[in-house]
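The structure appears right after this line, and notes come after that.
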Amino acid sequence: MDGQYDVIIIGTGAGGGTLARHLAPSGKRILLLERGDWLPREPENWSTVDVFVDGRYVSPDSWYDPKAKSFFQPQVHYFVGGATKLYGAALYRMRAEDFGELRHHDGLSPAWPISYADMEPYYTTAETMYEVHGARGEDPTEAPASAPYPYPAVAHEPRIQQLSDDLAAEGFHPFHAPCGIRVNEADLPYSICVKCGACDGFPCPLHAKSDAEVSGVRPALEHANVTLVRNARVVKLETNPEGTAVTQVVTEHDGETVRYQGDIVVVSCGAANSAKLLLASASDKHPKGLANSSDQVGRNFMYHDSQAVLALSKEPNPTVFQKTLAFNDFYFHGPDFDYPMGNIQMIVQSQAAMFRGEKPLETKFAPNWALRDVAEHAVDFWLSTEDLPLPDNRVTLGPDGGVHLAYTPSNPTAAKQLFQQLHSMLASLRMQPGHLAHRFAYLKTDIPVAGCAHQAGTVRFGSDPATSVLNPDCRAHELDNLYVVDTSFFPSISAVNPALTAMANAVRVGDHLLQRLG
Amino acid sequence: MSAEVPIRADSREELVYLLSQASELEHGLMCEYLFAMFSLKRQAKEGPSADQLEAAGRWDRMISGVAAQEMLHLALVSNLLTAVGAVPHFERPNFPQQAKYYPPGVQLALVPFGERALRHFMYLERPEGFELADADGFRVVQAAAPITGDDAVVPVEEDYATVGHLYRGIEQGLERLVQRHGEQRVFVGPPDAQITGTFFRWNELIPVTDLASAKLAIETIVEQGEGARGDWRNAHFGRFHRILEEFLELKSKDPAFEPARPVVPAYVRPPADVADPVLISEPTTARVADLFNGTYEVLLQLLLRFFVHSDETAEELTMLADAAKNAMFGVLKPIGYLLTSLPVGPGDPGKVAGPTFDFYRTAYLLPHRHAAWVVLHERLTGLAEACATVAAETGHEALDTAEGNLRSLAGLLAPGI
């Protein structure tokens with residue numbers, strides 16, 4: 001036995017990193033186990049070619065797609081801070097309605113066992129922890145909040161302000177997208193963030209993005225009672241003979257097997273890897289996987305099968321920091337569609353280095369648009385439709401213990417409607433009508449931009465042990481000391497980015513753990 | 001351990017009287033807890049260190065969770081009252097609710113966060129058999145003895161020592177009545193008037209239609225307050241105990257640590273049932289206090305309409321429940337936190353104003369459906385405009401938050417008119 005702790009947290013992303021920070025002041029002995037290392041701060045962090053084309057910060061892994069019968073490299077980032085190291089820091093609350101049952105065209109989004117009101121104070125706390133910039137009252141779909149955003153909204157650059165004005169003129173409700181960047185626009189010389197064009201999808205060498213390393217793990221490590229072990233991959237959780245408590249966390253570190261013991265064990269590996277760990281921890285008492293008598297572990301994989309699309313502005317778009325605008329006018333329904341469609345937000349602007357030199361894009365926009373022209377006029381949107389939980393969208397283990405991920409898009413009608421809706425608006429937004437291209441059609445990489453960045457749902461919580469793995473406190477129904485705190489617990493994923501909800505939930509479960517630990 | 005004095009509840013009238021007292025206590029406790037929560041410091045410029053502020057933030061959320069459970073208890077008691085043919089009871093005397101309203105051992109008052117408040121909260125929610133002294137300043141006041149004997153035909157004041165004691169008396173009373181008259185004669189309220197947990201995502205909010213469900217409702221209240229079978233650590237008692245321990249530990253490390261603002265309950269106008277109230281003389285503070293009380297008033301109206309609805313659809317009931325929840329955290333909270341940062345006035349130097357949860361009338365029930373929704377919408381809109389006016393003149397951002405949320409609530413109800 002190599003170490004005894006009050007709390008062991010496996011994974012340092014939005015869930016684990018936030019939980020560590022929240023528990024740290026308690027003085028309890030906390031161990032953070034992270035399979036990756038620090039993401040190096042280097043000039044390549046800002047290089048489009050290194051990041052986006054060469055995948056410098058994509059961690060080697062191989063998952064299997066049983067439908068395509070092929071292996072693929074998932075867009076995963078095994079670093080301290082997890083996937084948030086490359087995220088766009090789009091930190092949205094879910095809508096109040098997202099916590100209830102929602103009927104979609106292609107299926108049902110199930111209710112959560114807790115309400116928005118239950119999560120609200122934790123959203124407020126998480127927004128402060130992650131220095132979220134935003135403005136309440138602009139988005140008519142947002143739920144009431146008990147406090148304003150801790151920081152003012154990030155200002156639009158002129159072309160995006162024009163887009164906002166055009167949307168408003170058409171009767172829509174554009175709003176300043178909530179953004180976790182450490183910018184001080186009132187005093188730019190002293191601002192950590194410089195609002196560069198390499199934010200969304202890039203790591204930040206300035207630590208100017210509120211990711212889980214910067215705003216979670218590093219503040220936690222200021223407390224002497226918190227220990228971080230990097231390059232430590234947890235391969236199994238072992239239990240007592242009765243199967244009611246985790247007694248050993250089996251870890252591979254520097255080529256050796258190390259075992260840790262914690263009074264509380266928290267799994268925060270991300271939806272696919274959290275499910276993988278539980279499935280790999282099967283035993284006599286847990287033959288279908290740890291905590292899996294419901295057979296729900298690994299199922300209901302959701303990941304926001306979103307669409308990154310490029311429109312062409314009639315005038316050049318010199319915007320550097322584009323990700324300041326969003327609109328939810330089609331979140332719950334559209335003009336001719338009575339079902340939820342989703343969220344539309346800006347993303348990082350396409351850059352010439354990202355494009356293929358081959359014909360497809362030139363052909364698509366021919367004969368008037370050369371690649372150089374496309375790059376100068378690109379206006380990039382992210383269309384996010386809710387992914388619905390399907391039991392056969394699931395993570396299982398292959399014979400070699402690797403991740404097998406079976407996935408079928410669950411809400412294609414709404415996704416198509418959202419694309420067509422934006423397509424129909426182009427002329428009124430000073431964009432070239434008819435030109436709305438999916439970025440994967442022309443980018444040098446054929447991996448969708450998000451990859452599996454918004455993965456969720458594989459270890460969902462609920463009140464009924466027959467249909468859920470975790471109770472409303474995110475504790476395994478079947479084990480007294482096992483918790484899962486990342487996006488795995490989501491019964492539904494809404495149409496907004498899941499990070500803030502994962503962070504808020506980490507604070508919520510953290511409060512519960514502090515009460516429990518005494 | 002001293003045994004609890006048996007409580008007499010031998011008739012429907014006595015039961016309804018006791019259930020109404022239970023409602024008042026749950027309501028009063030909720031207000032007490034919210035007052036303590038609002039009194040917590042929230043910013044570094046108020047003095048606490050980062051770790052102390054983090055602890056205060058956690059205590060805020062813990063107390064908020066307890067207050068939310070008191071709301072659940074109030075809902076369960078409302079279901080109990082409805083089940084025995086009575087009406088949910090949302091009235092209460094103004095603070096401080098000294099022992100003239102309740103038995104000598106039960107006193108409610110608005111107290112800022114601190115050792116005194118925490119000991120007082122623990123005292124009221126202590127498990128059966130725990131011997132605890134109430135905090136300083138909450139001395140037992142001997143009430144007048146009742147002038148009627150055992151054959152009284154109207155309810156008389158009963159002597160209960162804790163909230164749990166009262167509920168055990170209610171439970172025993174229900175059992176005796178059912179023994180005497182049968183379940184059907186006792187549980188005469190319409191089952192479809194019962195409120196279930198769907199609207200508030202409370203699994204424990206069960207409909208009460210018979211003795212078994214009534215006992216389960218009471219068991220939930222008692223267990224959440226005192227704990228089950230001696231396991232008090234996760235109950236309200238245990239949570240306050242933990243907060244007290246943590247607070248005392250932080251205080252021992254830093255004797256100068258003061259987590260609460262210098263808050264006193266302060267009225268805009270003196271209520272008839274409060275002797276020597278502290279009155280606000282600072283105009284802005286008075287306007288914010290009025291906004292708080294106006295919001296509290298419409299919250300009670302929303303809750304009463306929800307609990308005593310007539311022909312609202314399930315969707316409309318959801319609108320009312322959502323409006324009530326959102327009014328609590330989206331309006332009452334930001335105004336409450338703002339109020340406790342504002343001065344009482346020159347007559348009380350160094351003191352800031354705490355919300356008094358003024359209770360103006362004897363009933364907030366809006367009995368007719370269409371009129372009720374029009375009135376609620378009108379009131380929410382009016383409060384939004386009032387917030388906007390004060391926000392524009394004072395620049396307080398919290399009022400912008402409250403105004404935006406009030407308008408959202410009005411918008412939420414608009415489709416139901």
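Ordering of the structure tokens sets the chain letters (A, B, ...); residue numbers start at 1 within each chain; ligands are numbered from 1 in the order shown.
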
Counting only C-alpha atoms, give me one row per residue of segment 72-163 of chain A with an atom at most 9 Å from an atom of segment 401-410 of chain B, showing the shortest contact pair and its distance in Å to one decimal, sorted by chain then residue number, as a tab-separated table.
residue	atom	partner	partner_atom	distance
A:Arg136	CA	B:Thr401	CA	7.6
A:Gly137	CA	B:Gly404	CA	6.0
A:Pro140	CA	B:Ser408	CA	8.2
A:Ala143	CA	B:Asn405	CA	8.4
A:Pro144	CA	B:Asn405	CA	5.5
A:Ala145	CA	B:Asn405	CA	7.6
A:Ser146	CA	B:Thr401	CA	7.3
A:Ala147	CA	B:Thr401	CA	6.5
A:Pro148	CA	B:Thr401	CA	6.3

Q: Using only C-alpha atoms, find the residues of chain B whose closest atom to chain A is at most 6 Å away, then write them as a PyMOL selection string.
A: chain B and resi 201+329-330+334+405

Q. Nearest to Gly238 of chain B among B:Met62, B:Ala67, B:Ala384, B:Ile218, with distances taken over only C-alpha atoms: which residue is it?
A. B:Met62

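Taking only C-alpha atoms, the non-local environment of Glu183 of chain B within 12 Å (same-chain residues fewer than 2 positions away omitted) comprises B:Ala83, B:Val84, B:Leu174, B:Glu175, B:Arg176, B:Leu177, B:Val178, B:Gln179, B:Arg180, B:His181, B:Arg185, B:Val186, B:Phe187, B:Val188, B:Gly189, B:Val208, B:Thr209, B:Asp210, B:Leu211, B:Ala212, B:Ser213, B:Ala214.
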
(Q) Set the distance at 9 Å and use only C-alpha atoms: which residues neighbour Pro465 of chain A once local chain neighbours fewer than 5 positions away are removed? I'd like the list as a ChimeraX atom specification. (A) /A:293-294,470-471,477-478

Using only C-alpha atoms, please write the residues we just selected to a file, as a PDB file, in the first residue's frame.
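selection.pdb written:
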ATOM      1  CA  SER A 293     -25.766  -3.574 -11.990  1.00  0.00           C
ATOM      2  CA  SER A 294     -28.004  -1.155 -13.908  1.00  0.00           C
ATOM      3  CA  LEU A 470     -25.039   7.444  -9.537  1.00  0.00           C
ATOM      4  CA  ASN A 471     -27.401   8.950  -7.013  1.00  0.00           C
ATOM      5  CA  HIS A 477     -25.687   3.677  -5.904  1.00  0.00           C
ATOM      6  CA  GLU A 478     -23.832   0.484  -5.061  1.00  0.00           C
TER       7      GLU A 478
END

Q | Nearest-residue call for Trp232 of chain B, choices B:Arg126, B:Thr318, B:Ala392, B:Asp311, using only C-alpha atoms | A | B:Arg126

Q: May I ask for the distance between atom CA of Ala372 of chain B and atom CA of Val77 of chain B, given in Å to one decimal place?
A: 23.2 Å

**Q.** Selection near Gly57 of chain B, 9 Å with only C-alpha atoms, sequence-local residues under 2 positions removed, as number ranges by chain
**A.** A: 125; B: 40-42, 52-55, 59-62

Q) Quick one, how far is atom CA of Leu422 of chain A from atom CA of Ala308 of chain A? A) 12.1 Å

Q: Could you pull out the residues in segment 304-477 of chain A that DSSP calls helix (DSSP H, G or I) from the backbone, as number ranges by chain?
A: A: 352-354, 359-365, 371-377, 412-429, 439-441

Q) Pick the closest to Thr220 of chain B from B:Met122, B:Ala75, B:Val374, B:Val268: which is it, counting only C-alpha atoms? A) B:Ala75

(Q) Residues within 8 Å of Ser20 of chain B, please, as a PyMOL selection string. Count only C-alpha atoms; anything in the same chain fewer than 3 positions from it doesn't count. (A) chain B and resi 16-17+23-24+81+88-89
